[in-house]
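What follows is query10.txt (compact mmCIF, C-alpha atoms).
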```
# COMPACT_ATOMS: atom_id res chain seq x y z
CA MET A 1 20.85 -26.35 40.61
CA THR A 2 23.26 -23.49 40.96
CA VAL A 3 25.19 -24.08 37.72
CA THR A 4 22.99 -24.75 34.75
CA THR A 5 25.18 -23.29 32.02
CA ALA A 6 28.14 -25.62 31.69
CA PRO A 7 31.58 -23.99 31.50
CA PRO A 8 34.43 -26.15 30.18
CA PRO A 9 35.04 -29.06 32.61
CA PRO A 10 38.41 -28.04 34.20
CA ARG A 11 37.27 -24.49 35.04
CA ARG A 12 34.05 -25.86 36.44
CA PHE A 13 35.94 -27.23 39.41
CA LEU A 14 38.97 -24.98 39.44
CA VAL A 15 37.13 -21.70 39.77
CA PRO A 16 34.89 -22.64 42.73
CA VAL A 17 37.76 -24.31 44.56
CA ALA A 18 40.03 -21.32 44.02
CA GLY A 19 37.23 -19.03 45.15
CA LEU A 20 36.62 -21.08 48.27
CA LEU A 21 40.33 -21.13 49.12
CA ALA A 22 40.56 -17.37 48.61
CA ALA A 23 37.53 -16.84 50.87
CA VAL A 24 38.95 -19.08 53.61
CA GLY A 25 42.31 -17.33 53.33
CA LEU A 26 40.61 -13.95 53.59
CA VAL A 27 38.62 -15.02 56.68
CA VAL A 28 41.69 -16.45 58.41
CA GLY A 29 43.83 -13.46 57.48
CA LEU A 30 41.28 -10.92 58.70
CA SER A 31 40.70 -12.82 61.95
CA ALA A 32 44.39 -12.79 62.73
CA ALA A 33 44.81 -9.09 61.96
CA GLY A 34 44.07 -6.18 64.26
CA SER A 35 44.15 -5.69 67.99
CA PRO A 36 41.36 -6.69 70.40
CA ASP A 37 38.42 -4.27 70.65
CA VAL A 38 37.66 -5.10 74.28
CA THR A 39 40.50 -4.15 76.61
CA ARG A 40 40.72 -3.50 80.33
CA ALA A 41 41.53 0.19 79.81
CA ARG A 42 38.48 0.71 77.59
CA VAL A 43 36.15 -1.11 79.98
CA GLU A 44 37.42 0.84 83.00
CA GLY A 45 37.47 4.07 81.02
CA SER A 46 33.81 3.67 80.11
CA LEU A 47 32.64 2.38 83.50
CA THR A 48 33.97 5.19 85.71
CA PRO A 49 32.16 8.12 84.01
CA ALA A 50 28.99 6.08 83.41
CA PHE A 51 28.85 5.03 87.06
CA THR A 52 29.40 8.62 88.18
CA ARG A 53 26.58 9.96 86.00
CA LEU A 54 24.18 7.22 86.99
CA TYR A 55 25.02 7.57 90.69
CA VAL A 56 24.35 11.32 90.54
CA ASP A 57 21.12 10.48 88.68
CA GLN A 58 20.05 7.95 91.29
CA GLN A 59 20.77 10.31 94.15
CA ARG A 60 18.78 13.07 92.42
CA ILE A 61 15.82 10.68 92.17
CA LEU A 62 16.21 9.95 95.90
CA GLY A 63 16.36 13.67 96.67
CA HIS A 64 20.09 14.21 97.21
CA GLU A 65 22.04 16.68 95.13
CA VAL A 66 25.49 15.16 94.67
CA PRO A 67 28.09 17.00 92.57
CA ALA A 68 29.77 14.60 90.13
CA ALA A 69 33.25 15.62 91.30
CA SER A 70 32.54 14.58 94.89
CA VAL A 71 31.74 10.99 93.81
CA ALA A 72 35.42 10.57 92.87
CA ALA A 73 34.80 7.15 91.35
CA ARG A 74 37.59 4.81 90.33
CA SER A 75 37.18 1.37 88.81
CA ALA A 76 39.42 -1.66 88.55
CA CYS A 77 38.32 -4.43 86.23
CA ASP A 78 39.47 -7.98 85.79
CA ARG A 79 38.38 -10.71 83.48
CA GLY A 80 38.06 -14.31 84.68
CA GLY A 81 40.57 -14.14 87.54
CA PRO A 82 44.35 -13.84 87.42
CA GLN A 83 44.83 -16.71 84.95
CA VAL A 84 42.87 -15.05 82.16
CA ALA A 85 44.14 -12.08 80.14
CA ASP A 86 42.00 -8.96 80.65
CA VAL A 87 40.89 -8.67 77.02
CA GLY A 88 37.95 -9.79 74.95
CA ALA A 89 34.22 -10.23 75.23
CA GLY A 90 32.79 -12.39 77.98
CA ALA A 91 30.37 -12.55 80.87
CA ASP A 92 33.20 -13.00 83.36
CA TRP A 93 34.35 -9.41 83.80
CA ILE A 94 34.30 -8.18 87.40
CA CYS A 95 34.81 -4.51 88.21
CA LEU A 96 35.40 -3.01 91.62
CA VAL A 97 34.16 0.56 91.82
CA ASP A 98 35.45 2.80 94.62
CA PHE A 99 33.52 5.99 95.26
CA THR A 100 32.40 8.47 97.86
CA ASP A 101 28.69 8.28 98.64
CA GLN A 102 26.27 11.15 99.26
CA ALA A 103 27.10 11.09 102.99
CA GLY A 104 30.83 11.41 102.29
CA ALA A 105 31.66 7.81 103.21
CA HIS A 106 33.95 5.65 101.11
CA GLN A 107 32.19 2.78 99.39
CA GLN A 108 33.22 -0.10 97.21
CA GLY A 109 30.90 -2.06 94.95
CA LYS A 110 31.46 -5.15 92.84
CA PHE A 111 29.86 -4.92 89.40
CA GLU A 112 29.47 -7.93 87.15
CA LEU A 113 29.92 -7.02 83.52
CA GLN A 114 28.76 -8.90 80.50
CA VAL A 115 31.01 -7.52 77.79
CA HIS A 116 29.90 -8.08 74.19
CA ALA A 117 32.08 -8.28 71.11
CA ASN A 118 30.36 -5.17 69.73
CA ALA A 119 32.09 -2.94 72.31
CA CYS A 120 29.03 -2.65 74.54
CA TRP A 121 28.58 -4.13 77.98
CA THR A 122 25.84 -4.66 80.52
CA ALA A 123 26.61 -4.15 84.19
CA ALA A 124 24.68 -5.55 87.12
CA GLY A 125 25.25 -3.66 90.35
CA PRO A 126 25.38 -5.11 93.87
CA ALA A 127 21.80 -4.77 95.17
CA LYS A 128 22.95 -4.20 98.75
CA LEU A 129 24.88 -1.10 97.70
CA VAL A 130 22.94 0.33 94.76
CA GLY A 131 19.42 -0.86 95.55
CA GLY A 132 16.99 -3.08 93.70
CA PHE A 133 15.36 -2.97 90.31
CA THR A 134 13.20 0.01 91.24
CA ILE A 135 13.64 2.85 93.73
CA THR A 136 11.13 5.23 95.25
CA ASP A 137 11.52 8.87 94.25
CA THR A 138 10.83 11.91 96.39
CA ARG A 139 7.18 11.92 95.33
CA GLY A 140 6.70 8.30 96.37
CA ARG A 141 6.59 6.78 92.88
CA ASP A 142 8.50 3.64 91.96
CA VAL A 143 10.94 4.37 89.15
CA THR A 144 13.64 2.35 87.39
CA ASN A 145 16.84 2.31 89.44
CA PRO A 146 19.45 3.65 86.99
CA LEU A 147 22.26 1.83 88.81
CA SER A 148 20.80 -1.65 89.26
CA ALA A 149 21.67 -2.58 85.67
CA PHE A 150 22.90 -0.45 82.81
CA ASP A 151 24.24 -0.67 79.27
CA VAL A 152 27.32 1.20 78.11
CA CYS A 153 29.20 1.26 74.81
CA PHE A 154 32.76 2.41 74.21
CA ASP A 155 34.82 3.36 71.20
CA PRO A 156 36.68 0.27 69.96
CA ASP A 157 39.18 2.52 68.15
CA ALA A 158 39.96 4.89 71.01
CA MET B 1 1.21 -13.88 41.98
CA SER B 2 4.25 -12.63 40.10
CA ALA B 3 3.27 -14.54 36.96
CA GLY B 4 0.18 -12.40 36.69
CA SER B 5 2.15 -9.26 37.23
CA THR B 6 4.69 -10.11 34.54
CA THR B 7 2.05 -10.64 31.90
CA GLY B 8 0.29 -7.54 33.11
CA VAL B 9 3.44 -5.56 32.58
CA ARG B 10 3.94 -6.87 29.11
CA GLU B 11 0.50 -5.76 28.10
CA ALA B 12 0.95 -2.49 29.87
CA GLY B 13 4.33 -2.08 28.16
CA GLY B 14 2.62 -2.46 24.81
CA THR B 15 0.11 0.23 25.50
CA HIS B 16 2.83 2.51 26.82
CA ARG B 17 4.92 2.21 23.71
CA ALA B 18 1.94 2.87 21.48
CA THR B 19 1.73 6.37 22.97
CA PRO B 20 3.73 9.40 21.82
CA ALA B 21 7.40 9.33 20.73
CA PRO B 22 9.44 6.46 19.24
CA ARG B 23 12.17 7.15 21.85
CA ARG B 24 14.41 4.19 22.65
CA ALA B 25 13.58 2.96 26.14
CA GLY B 26 16.44 3.33 28.56
CA THR B 27 17.23 2.28 32.10
CA GLY B 28 14.71 4.83 33.35
CA ALA B 29 11.81 3.29 31.47
CA ALA B 30 12.84 -0.22 32.48
CA TYR B 31 13.14 0.96 36.09
CA ARG B 32 9.63 2.38 36.04
CA TRP B 33 8.27 -0.93 34.73
CA GLU B 34 10.16 -2.85 37.38
CA LEU B 35 8.51 -0.61 39.98
CA VAL B 36 5.11 -1.30 38.47
CA LYS B 37 5.84 -5.03 38.66
CA LEU B 38 6.97 -4.73 42.28
CA ALA B 39 3.92 -2.70 43.24
CA ALA B 40 1.71 -5.47 41.88
CA LEU B 41 3.33 -8.15 44.05
CA VAL B 42 1.39 -9.18 47.15
CA ARG B 43 4.72 -9.72 48.91
CA THR B 44 5.90 -6.13 48.55
CA ARG B 45 2.58 -4.72 49.69
CA ALA B 46 2.43 -7.13 52.62
CA THR B 47 5.97 -6.23 53.70
CA LEU B 48 5.30 -2.51 53.54
CA ALA B 49 2.03 -2.96 55.42
CA ALA B 50 3.77 -5.08 58.07
CA VAL B 51 6.54 -2.57 58.73
CA LEU B 52 3.88 0.12 58.99
CA VAL B 53 1.51 -1.72 61.32
CA LEU B 54 3.75 -3.94 63.45
CA PRO B 55 5.81 -1.27 65.30
CA PRO B 56 2.75 0.42 66.89
CA LEU B 57 1.47 -3.02 67.91
CA VAL B 58 4.82 -3.88 69.49
CA VAL B 59 4.81 -0.55 71.34
CA LEU B 60 1.32 -1.29 72.65
CA LEU B 61 2.34 -4.81 73.69
CA LEU B 62 5.46 -3.50 75.43
CA ARG B 63 3.42 -1.17 77.61
CA GLY B 64 2.04 -3.98 79.72
CA GLN B 65 5.28 -5.94 79.90
CA ARG B 66 8.39 -5.89 81.98
CA ALA B 67 11.09 -4.04 80.04
CA PRO B 68 13.08 -6.39 77.76
CA ALA B 69 16.56 -5.79 79.14
CA ASP B 70 18.48 -8.16 76.87
CA THR B 71 18.62 -5.71 73.96
CA LEU B 72 20.18 -2.24 74.14
CA PHE B 73 17.71 0.42 75.32
CA GLY B 74 15.24 -2.32 76.24
CA ARG B 75 15.39 -1.45 79.93
CA HIS B 76 14.33 2.13 79.18
CA VAL B 77 11.24 1.45 77.05
CA HIS B 78 8.94 2.67 79.81
CA ASP B 79 11.09 5.70 80.62
CA SER B 80 11.45 7.32 77.21
CA GLY B 81 9.67 7.11 73.87
CA PHE B 82 13.05 7.41 72.17
CA ALA B 83 14.23 4.12 73.66
CA VAL B 84 11.57 2.08 71.86
CA PRO B 85 12.61 2.81 68.25
CA LEU B 86 16.20 2.04 69.27
CA LEU B 87 15.15 -1.25 70.84
CA LEU B 88 13.25 -2.08 67.65
CA LEU B 89 16.24 -1.01 65.55
CA GLY B 90 18.55 -3.23 67.58
CA PHE B 91 16.18 -6.15 67.23
CA ALA B 92 15.54 -5.56 63.53
CA THR B 93 19.21 -5.29 62.64
CA GLN B 94 19.91 -8.58 64.38
CA TYR B 95 17.17 -10.63 62.83
CA VAL B 96 15.03 -9.08 60.10
CA PHE B 97 17.00 -6.52 58.09
CA PRO B 98 18.36 -8.97 55.50
CA LEU B 99 14.86 -10.40 55.02
CA LEU B 100 13.28 -6.96 54.59
CA THR B 101 15.28 -6.38 51.43
CA SER B 102 15.84 -9.95 50.17
CA VAL B 103 12.09 -10.54 49.99
CA VAL B 104 12.24 -8.43 46.83
CA ALA B 105 15.92 -8.29 45.82
CA GLY B 106 16.34 -12.06 46.10
CA ASP B 107 13.47 -12.64 43.73
CA VAL B 108 13.74 -9.82 41.24
CA PHE B 109 16.05 -11.67 38.82
CA ALA B 110 15.25 -15.27 39.73
CA SER B 111 11.52 -14.81 39.13
CA GLU B 112 12.27 -14.25 35.44
CA ASP B 113 13.96 -17.66 35.47
CA GLN B 114 11.11 -19.21 37.37
CA HIS B 115 8.56 -17.93 34.90
CA GLY B 116 10.80 -18.34 31.87
CA THR B 117 10.40 -14.70 30.92
CA TRP B 118 14.03 -13.71 30.28
CA LYS B 119 13.76 -14.08 26.51
CA THR B 120 10.60 -12.02 26.38
CA LEU B 121 12.12 -9.39 28.60
CA LEU B 122 15.28 -9.15 26.50
CA THR B 123 13.42 -8.80 23.24
CA ARG B 124 12.47 -5.35 24.48
CA SER B 125 14.72 -2.58 23.28
CA VAL B 126 16.78 -2.51 26.43
CA SER B 127 20.17 -4.09 26.97
CA ARG B 128 20.95 -6.62 29.66
CA THR B 129 22.93 -4.00 31.51
CA GLN B 130 19.93 -1.69 31.47
CA VAL B 131 17.66 -4.47 32.73
CA PHE B 132 20.24 -5.24 35.42
CA TRP B 133 20.35 -1.68 36.69
CA ALA B 134 16.60 -1.23 36.40
CA LYS B 135 15.95 -4.30 38.54
CA THR B 136 18.71 -3.46 41.03
CA LEU B 137 17.45 0.12 41.37
CA ALA B 138 13.89 -1.10 41.83
CA ALA B 139 14.98 -3.49 44.59
CA THR B 140 16.98 -0.68 46.21
CA THR B 141 13.98 1.61 46.04
CA PHE B 142 11.91 -1.00 47.83
CA ALA B 143 14.59 -1.46 50.52
CA ALA B 144 14.72 2.30 51.05
CA ALA B 145 10.94 2.52 51.27
CA VAL B 146 10.83 -0.29 53.84
CA LEU B 147 13.54 1.37 55.92
CA VAL B 148 11.82 4.76 55.87
CA VAL B 149 8.40 3.34 56.71
CA LEU B 150 9.78 1.13 59.49
CA ALA B 151 11.80 3.96 61.01
CA ALA B 152 8.95 6.47 60.81
CA SER B 153 6.36 4.04 62.13
CA SER B 154 8.55 2.94 65.06
CA THR B 155 9.57 6.45 66.04
CA VAL B 156 6.18 8.14 65.65
CA ALA B 157 4.32 5.33 67.43
CA SER B 158 6.77 5.34 70.34
CA VAL B 159 6.78 9.09 70.79
CA LEU B 160 2.97 9.23 70.61
CA LEU B 161 2.36 6.25 72.89
CA VAL B 162 5.24 6.54 75.37
CA GLY B 163 6.19 10.21 75.17
CA HIS B 164 9.24 12.34 74.48
CA GLN B 165 11.10 12.07 77.77
CA PRO B 166 14.88 12.53 77.83
CA LEU B 167 16.78 9.38 76.88
CA THR B 168 19.48 7.70 78.94
CA GLY B 169 22.40 7.31 76.55
CA LEU B 170 25.09 4.64 76.32
CA SER B 171 27.42 6.41 78.76
CA GLY B 172 24.78 6.87 81.42
CA GLN B 173 24.23 10.46 80.29
CA SER B 174 20.82 12.04 79.83
CA ILE B 175 20.06 13.09 76.26
CA PRO B 176 17.45 15.88 75.96
CA ALA B 177 14.43 15.14 73.77
CA PRO B 178 15.25 17.22 70.66
CA ARG B 179 18.76 15.81 70.44
CA ALA B 180 17.48 12.29 71.14
CA ALA B 181 14.99 12.64 68.26
CA LEU B 182 17.79 13.68 65.89
CA LEU B 183 19.99 10.81 67.03
CA VAL B 184 17.19 8.27 66.58
CA VAL B 185 16.73 9.45 62.98
CA GLY B 186 20.50 9.33 62.49
CA ALA B 187 20.68 5.81 63.90
CA TRP B 188 18.03 4.53 61.51
CA ALA B 189 19.64 6.40 58.60
CA SER B 190 23.02 4.85 59.38
CA THR B 191 21.63 1.41 58.51
CA ALA B 192 20.83 2.45 54.93
CA LEU B 193 24.26 1.54 53.53
CA PRO B 194 24.49 -1.92 55.11
CA LEU B 195 20.91 -2.52 53.94
CA LEU B 196 22.11 -1.61 50.44
CA GLY B 197 24.87 -4.18 50.92
CA PHE B 198 22.32 -6.86 51.81
CA THR B 199 20.26 -5.82 48.78
CA ALA B 200 23.31 -6.31 46.56
CA LEU B 201 23.98 -9.70 48.17
CA ALA B 202 20.38 -10.75 47.49
CA VAL B 203 20.68 -9.51 43.89
CA LEU B 204 23.84 -11.57 43.44
CA LEU B 205 22.18 -14.71 44.82
CA SER B 206 19.09 -14.03 42.72
CA VAL B 207 21.16 -13.77 39.53
CA ARG B 208 23.52 -16.66 40.30
CA THR B 209 21.17 -19.26 41.76
CA ARG B 210 18.20 -18.40 39.50
CA ASN B 211 16.12 -19.63 42.40
CA PRO B 212 13.81 -17.17 44.19
CA ALA B 213 13.79 -19.21 47.40
CA LEU B 214 17.59 -19.20 47.63
CA GLY B 215 17.69 -15.53 46.74
CA VAL B 216 15.30 -14.67 49.55
CA VAL B 217 16.58 -17.06 52.23
CA GLY B 218 20.29 -16.84 51.35
CA PRO B 219 20.87 -13.29 52.65
CA VAL B 220 18.88 -14.10 55.80
CA VAL B 221 21.11 -17.08 56.56
CA ALA B 222 24.20 -15.05 55.65
CA GLY B 223 23.04 -12.28 57.98
CA LEU B 224 22.48 -14.68 60.88
CA LEU B 225 25.87 -16.30 60.28
CA MET B 226 27.58 -12.91 60.19
CA ASN B 227 25.80 -11.97 63.41
CA LEU B 228 27.04 -15.15 65.00
CA VAL B 229 30.64 -14.63 63.87
CA GLY B 230 30.41 -10.96 64.89
CA SER B 231 29.30 -11.89 68.39
CA LEU B 232 32.34 -14.11 68.92
CA GLY B 233 35.28 -12.38 70.47
CA GLY B 234 38.77 -12.29 69.04
CA THR B 235 37.89 -12.20 65.37
CA GLY B 236 40.07 -9.16 64.72
CA TRP B 237 39.34 -7.31 61.49
CA LEU B 238 37.01 -10.05 60.32
CA ARG B 239 34.31 -8.58 62.55
CA ARG B 240 34.73 -5.20 60.91
CA ALA B 241 34.60 -6.69 57.43
CA LEU B 242 31.21 -8.29 58.05
CA LEU B 243 28.09 -6.73 56.62
CA SER B 244 26.30 -7.12 59.96
CA THR B 245 28.78 -4.94 61.89
CA PRO B 246 27.80 -1.62 60.21
CA LEU B 247 24.24 -2.28 61.37
CA GLU B 248 25.48 -1.67 64.93
CA ALA B 249 27.67 1.34 64.18
CA TRP B 250 24.95 3.72 65.43
CA HIS B 251 25.86 2.84 69.04
CA GLY B 252 28.64 5.41 68.78
CA LEU B 253 26.09 8.21 68.34
CA PHE B 254 24.63 7.62 71.79
CA THR B 255 27.74 7.86 73.98
CA ALA B 256 28.67 11.00 75.91
CA THR B 257 31.55 11.56 73.49
CA PRO B 258 30.16 10.29 70.19
CA PHE B 259 32.55 8.21 68.12
CA TRP B 260 32.36 7.95 64.35
CA GLY B 261 34.99 5.30 63.59
CA PRO B 262 32.56 2.37 63.25
CA LEU B 263 30.19 4.49 61.15
CA VAL B 264 32.94 5.46 58.70
CA GLN B 265 34.36 1.94 58.56
CA GLY B 266 30.85 0.55 58.23
CA ALA B 267 30.08 2.83 55.29
CA VAL B 268 33.27 1.75 53.51
CA VAL B 269 32.64 -1.94 54.23
CA SER B 270 29.01 -1.69 53.06
CA LEU B 271 29.99 0.03 49.82
CA LEU B 272 32.69 -2.58 49.19
CA TRP B 273 30.19 -5.42 49.68
CA THR B 274 27.74 -3.61 47.41
CA ALA B 275 30.32 -3.05 44.67
CA LEU B 276 31.63 -6.64 44.81
CA CYS B 277 28.18 -8.25 44.83
CA LEU B 278 26.75 -6.03 42.10
CA GLY B 279 29.91 -6.41 40.01
CA ALA B 280 29.73 -10.19 40.23
CA ALA B 281 25.99 -10.21 39.57
CA HIS B 282 26.30 -7.94 36.52
CA HIS B 283 29.17 -10.01 35.15
CA SER B 284 27.17 -13.18 35.63
CA LEU B 285 24.05 -11.81 33.96
CA ARG B 286 25.97 -10.37 31.00
CA ARG B 287 27.77 -13.61 30.30
CA ARG B 288 24.78 -15.82 30.81
CA ASP B 289 23.56 -17.88 27.90
CA ILE B 290 19.86 -17.17 27.72
CA THR B 291 18.41 -19.51 25.17
CA GLY B 292 15.82 -21.57 26.98
CA GLY B 293 12.63 -20.61 28.71
```
Could you render the structure from this file as structure tokens?
Amino acid sequence: MTVTTAPPPPRRFLVPVAGLLAAVGLVVGLSAAGSPDVTRARVEGSLTPAFTRLYVDQQRILGHEVPAASVAARSACDRGGPQVADVGAGADWICLVDFTDQAGAHQQGKFELQVHANACWTAAGPAKLVGGFTITDTRGRDVTNPLSAFDVCFDPDA
Amino acid sequence: MSAGSTTGVREAGGTHRATPAPRRAGTGAAYRWELVKLAALVRTRATLAAVLVLPPLVVLLLRGQRAPADTLFGRHVHDSGFAVPLLLLGFATQYVFPLLTSVVAGDVFASEDQHGTWKTLLTRSVSRTQVFWAKTLAATTFAAAVLVVLAASSTVASVLLVGHQPLTGLSGQSIPAPRAALLVVGAWASTALPLLGFTALAVLLSVRTRNPALGVVGPVVAGLLMNLVGSLGGTGWLRRALLSTPLEAWHGLFTATPFWGPLVQGAVVSLLWTALCLGAAHHSLRRRDITGG
């Protein structure tokens, strides 16, 4: 169906086979080249500022003015336990975030990250620490809790 | 439906040529006739109508639903009207973009095979190369029209129905409304080049397979496969060489420190795909032995 004009017999097979081999070679070559987009440094580097902003946001909704600097967040991420290298996409990234809460107390929260190959990830926060899906603002309305789950992207070339 | 349009064009072409100057028709004239043919197709009208009408309906449906959190910006659809067009963009680039262009580009050459109209077409005073560019340009025009209508419909409907609240960006930052509006337009615009790439792929399949069904479905399957490969980790540069990756490059616009790397790489990759596909398609059409039909 695809080839209705008939080229000379040898080329008829040679050209598609050579093309297929070239394509496979290209795919294999490209897959092997380059460094991983998802690394521990990039995940941590995108989580810390995002958490800080969203925490300040959440506290503002709850009626507390918290300066970003006082949150002093730090994050430490790990993928799949000590046996697994901390690179690559996966739903098994765990990040521990240390920060100072609005009352000045030290807190630590465990975030589960689903990291995608497209250099974006989705974090689910610990409900006990960051609250549920919605929170109640100062005027008594239920609004989306910015910290319960959030999406972040990072630069895969940085 | 396209058989009727082809004959219609031939008659119309006759009347056109009867009027003023005996100027040799060029790519421009052929392009205008291809547009007339496209405009007569039910498929093109239906697609344009769908991309105009569906986004407002989706926005209305979303209002009563729990926010769809599995796509970027989905969790913010009730918080900002700028999140909805981005959710729709994310969804569209994953599933429907190749189809939006291949519905025309995959058929534009193969329909001449299907109806056996190549010989008639080539007896006109235009060369094969001119016919090639006229058809390719017409398909590109359609793709551009679909993109513009879909983007405008999604954005306007969302802003009117949800509002123009600040948008939570992809670094947790708040993006004020005017900037968010600009970025939404930029995000949609950034998909124009990869869409051109998919148009070229559909044109290539349309020329090579001479089968409208393969021309239309082929790019869709290719797009889904590329999405699948792109979602796997550890594919190195292969991911960046895929035509589906530039469709996601707009993410970099929405971080606190915007990054342009994927957009630049995506533009280069899209243009390479376009050049390769169109080059192969042109070569194939020029060398083809058109005697039958």
May I have the residues of chain B within 6 Å of chain A, counting all atoms listed in the file, written as a ChimeraX atom specification?
-> /B:170-172,209,231,233,235-238
Find the spatial neighbours of Glu65 of chain A, counting all atoms listed in the file, within a cut-off of 10 Å - ignore same-chain residues fewer than 5 positions away - and output them as a compact mmCIF listing (two decimals) with C-alpha atoms, in the frame of the given file.
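So the final result, stored in out.txt, reads:
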```txt
# COMPACT_ATOMS: atom_id res chain seq x y z
CA VAL A 56 24.35 11.32 90.54
CA ASP A 57 21.12 10.48 88.68
CA GLN A 58 20.05 7.95 91.29
CA GLN A 59 20.77 10.31 94.15
CA ARG A 60 18.78 13.07 92.42
CA GLN A 102 26.27 11.15 99.26
```
To one decimal place, how far is atom CA of Leu272 of chain B from atom CA of Arg43 of chain B in Å?
->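 Those two atoms sit 28.9 Å apart.
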Work out how far atom CA of Ala127 of chain A is from atom CA of Ser75 of chain A, in Å to one decimal.
->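 Spanning atom CA of Ser75 of chain A to atom CA of Ala127 of chain A is a straight-line distance of 17.7 Å.
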For Glu112 of chain B, which residue out of B:His78, B:Arg179, B:Lys135, B:Arg124 is the nearest one, using only C-alpha atoms?
-> B:Lys135
Each side padded by 5 Å, which centre and which edge lengths in Å (one decimal) define the axis-aligned box around the listed atoms of segment 97-102 of chain A? Give them as AutoDock Vina command-line options.
```
--center_x 30.9 --center_y 5.9 --center_z 95.5 --size_x 19.2 --size_y 20.6 --size_z 17.4
```
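We find atom CA of Cys95 of chain A and atom CA of Thr255 of chain B to be spaced 20.1 Å apart.
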What does segment 66-93 of chain A look like written to a file with C-alpha atoms, as a short mmCIF file (atom, residue, chain, number, x, y, z; two decimals), in the first residue's frame?
```cif
data_model
loop_
_atom_site.label_atom_id
_atom_site.label_comp_id
_atom_site.auth_asym_id
_atom_site.auth_seq_id
_atom_site.Cartn_x
_atom_site.Cartn_y
_atom_site.Cartn_z
CA VAL A 66 5.82 35.88 57.85
CA PRO A 67 8.90 37.38 56.18
CA ALA A 68 10.41 34.90 53.69
CA ALA A 69 13.86 35.19 55.27
CA SER A 70 12.60 34.03 58.66
CA VAL A 71 11.32 30.74 57.19
CA ALA A 72 14.96 29.73 56.56
CA ALA A 73 13.93 26.60 54.69
CA ARG A 74 16.37 23.88 53.72
CA SER A 75 15.54 20.70 51.86
CA ALA A 76 17.24 17.34 51.53
CA CYS A 77 15.95 14.99 48.87
CA ASP A 78 16.51 11.33 48.22
CA ARG A 79 15.22 9.02 45.58
CA GLY A 80 14.17 5.46 46.40
CA GLY A 81 16.35 4.96 49.49
CA PRO A 82 20.12 4.59 49.74
CA GLN A 83 20.36 1.87 47.07
CA VAL A 84 19.03 4.06 44.28
CA ALA A 85 20.99 6.89 42.67
CA ASP A 86 19.37 10.30 43.27
CA VAL A 87 18.73 11.06 39.59
CA GLY A 88 15.88 10.64 37.16
CA ALA A 89 12.12 10.85 37.05
CA GLY A 90 10.06 8.79 39.44
CA ALA A 91 7.34 8.85 42.08
CA ASP A 92 9.78 7.71 44.76
CA TRP A 93 11.47 10.99 45.63
#
```
